[in-house]
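Only one structure is covered here, and it is reproduced in the block below.
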Amino acid sequence: MNKRTIKSVERRILKTMMEDEKDLKRMLETETEGVSDRQLDGLFIRIEQILGRLTNNQNKIMFLQNLEE
């Protein structure tokens with residue numbers, strides 16, 4: 001295995017994860033008091049999409065780390 005390539009891919013994934021984490025925090029800080037869940041459906045969907053990407057990227061990193069061993 002080319003460890004340099006693996007590390008480069010991991011760094012790229014981590015950079016994307018950091019951006020997603022910032023977006024997630026910003027969305028979770030959105031003031032929603034007094035707004036019904038129905039009106040917040042789009043926000044909830046977006047949060048779930050970001051969580052899905054974070055989970056998927058985390059799995060990719062774990063897979064790459066297993067390849068290194």
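Just so we're on the same page: first chain in the structure tokens is A, next is B, and so on; residues restart at 1 for each chain, and ligands are numbered from 1 in the order they show up.
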
Ile47 (chain A) environment, 8 Å, only C-alpha atoms, sequence neighbours closer than 2 positions dropped, as a compact mmCIF listing (two decimals) with N, CA and C atoms, in the first residue's frame:
```
# COMPACT_ATOMS: atom_id res chain seq x y z
N LEU A 24 -22.91 21.88 10.62
CA LEU A 24 -23.81 21.23 11.56
C LEU A 24 -23.98 22.07 12.82
N MET A 27 -26.17 25.06 12.13
CA MET A 27 -27.58 24.69 12.03
C MET A 27 -28.19 24.33 13.38
N LEU A 28 -27.41 23.69 14.23
CA LEU A 28 -27.91 23.32 15.55
C LEU A 28 -28.07 24.53 16.45
N LEU A 43 -34.87 22.04 7.81
CA LEU A 43 -33.70 22.11 8.67
C LEU A 43 -33.33 20.72 9.18
N PHE A 44 -34.33 19.96 9.61
CA PHE A 44 -34.08 18.61 10.11
C PHE A 44 -33.47 17.72 9.02
N ILE A 45 -34.01 17.83 7.83
CA ILE A 45 -33.49 17.03 6.71
C ILE A 45 -32.04 17.38 6.43
N GLN A 49 -28.74 14.99 6.65
CA GLN A 49 -27.82 14.80 5.53
C GLN A 49 -26.38 15.01 5.96
N ILE A 50 -26.14 16.04 6.72
CA ILE A 50 -24.78 16.31 7.20
C ILE A 50 -24.31 15.17 8.10
N LEU A 51 -25.17 14.72 9.00
CA LEU A 51 -24.81 13.60 9.87
C LEU A 51 -24.48 12.35 9.05
```

Legend entry - Residues within 12 Å of Gln65 (chain A), only C-alpha atoms, excluding chain neighbours under 3 positions, as JSON, numbers by chain: {"A": [1, 3, 5, 6, 7, 9, 10, 58, 59, 60, 61, 62, 68, 69]}

Inset, instruction - Quote the spacing between CA of Gly34 (chain A) and CA of Gly52 (chain A) in Å to one decimal place. - result: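 Atom-to-atom, CA of Gly34 (chain A) to CA of Gly52 (chain A), that is 27.3 Å.
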
Once DSSP has gone over the backbone, tell me which residues of chain A are in helix (DSSP H, G or I), as an mmCIF file with C-alpha atoms, in the first residue's frame.
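Result went into part32.cif, see below:
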```cif
data_model
loop_
_atom_site.group_PDB
_atom_site.id
_atom_site.type_symbol
_atom_site.label_atom_id
_atom_site.label_comp_id
_atom_site.auth_asym_id
_atom_site.auth_seq_id
_atom_site.Cartn_x
_atom_site.Cartn_y
_atom_site.Cartn_z
ATOM 1 C CA LYS A 3 0.909 5.110 2.713
ATOM 2 C CA ARG A 4 1.444 8.588 1.291
ATOM 3 C CA THR A 5 -1.662 8.267 -0.882
ATOM 4 C CA ILE A 6 -3.685 6.890 2.037
ATOM 5 C CA LYS A 7 -2.631 9.802 4.271
ATOM 6 C CA SER A 8 -3.489 12.306 1.550
ATOM 7 C CA VAL A 9 -6.949 10.824 1.128
ATOM 8 C CA GLU A 10 -7.450 10.817 4.901
ATOM 9 C CA ARG A 11 -6.485 14.508 5.106
ATOM 10 C CA ARG A 12 -8.890 15.350 2.312
ATOM 11 C CA ILE A 13 -11.719 13.490 4.042
ATOM 12 C CA LEU A 14 -10.899 15.145 7.378
ATOM 13 C CA LYS A 15 -11.000 18.585 5.770
ATOM 14 C CA THR A 16 -14.467 17.845 4.398
ATOM 15 C CA MET A 17 -15.555 16.564 7.794
ATOM 16 C CA MET A 18 -14.384 19.762 9.489
ATOM 17 C CA GLU A 19 -16.435 21.852 7.051
ATOM 18 C CA ASP A 20 -19.479 19.642 7.633
ATOM 19 C CA GLU A 21 -19.016 19.903 11.392
ATOM 20 C CA LYS A 22 -19.003 23.715 11.166
ATOM 21 C CA ASP A 23 -22.208 23.633 9.103
ATOM 22 C CA LEU A 24 -23.815 21.229 11.563
ATOM 23 C CA LYS A 25 -22.956 23.410 14.566
ATOM 24 C CA ARG A 26 -24.328 26.471 12.797
ATOM 25 C CA MET A 27 -27.584 24.686 12.026
ATOM 26 C CA LEU A 28 -27.912 23.316 15.546
ATOM 27 C CA ASP A 41 -38.683 19.917 8.352
ATOM 28 C CA GLY A 42 -36.126 21.307 5.869
ATOM 29 C CA LEU A 43 -33.696 22.107 8.673
ATOM 30 C CA PHE A 44 -34.076 18.609 10.110
ATOM 31 C CA ILE A 45 -33.493 17.026 6.714
ATOM 32 C CA ARG A 46 -30.356 19.111 6.163
ATOM 33 C CA ILE A 47 -28.999 18.161 9.606
ATOM 34 C CA GLU A 48 -29.636 14.493 8.871
ATOM 35 C CA GLN A 49 -27.823 14.801 5.526
ATOM 36 C CA ILE A 50 -24.780 16.306 7.195
ATOM 37 C CA LEU A 51 -24.807 13.596 9.871
ATOM 38 C CA GLY A 52 -24.974 10.976 7.120
ATOM 39 C CA ARG A 53 -21.963 12.471 5.351
ATOM 40 C CA LEU A 54 -19.995 12.651 8.605
ATOM 41 C CA THR A 55 -20.770 9.008 9.360
ATOM 42 C CA ASN A 56 -19.877 7.923 5.841
ATOM 43 C CA ASN A 57 -16.580 9.811 5.920
ATOM 44 C CA GLN A 58 -15.748 8.388 9.337
ATOM 45 C CA ASN A 59 -16.288 4.896 7.946
ATOM 46 C CA LYS A 60 -13.991 5.702 5.016
ATOM 47 C CA ILE A 61 -11.209 6.793 7.348
ATOM 48 C CA MET A 62 -11.574 3.664 9.482
ATOM 49 C CA PHE A 63 -11.445 1.518 6.347
ATOM 50 C CA LEU A 64 -8.294 3.256 5.129
ATOM 51 C CA GLN A 65 -6.662 2.820 8.523
ATOM 52 C CA ASN A 66 -7.451 -0.892 8.426
ATOM 53 C CA LEU A 67 -5.794 -1.126 5.003
ATOM 54 C CA GLU A 68 -2.608 0.353 6.448
#
```
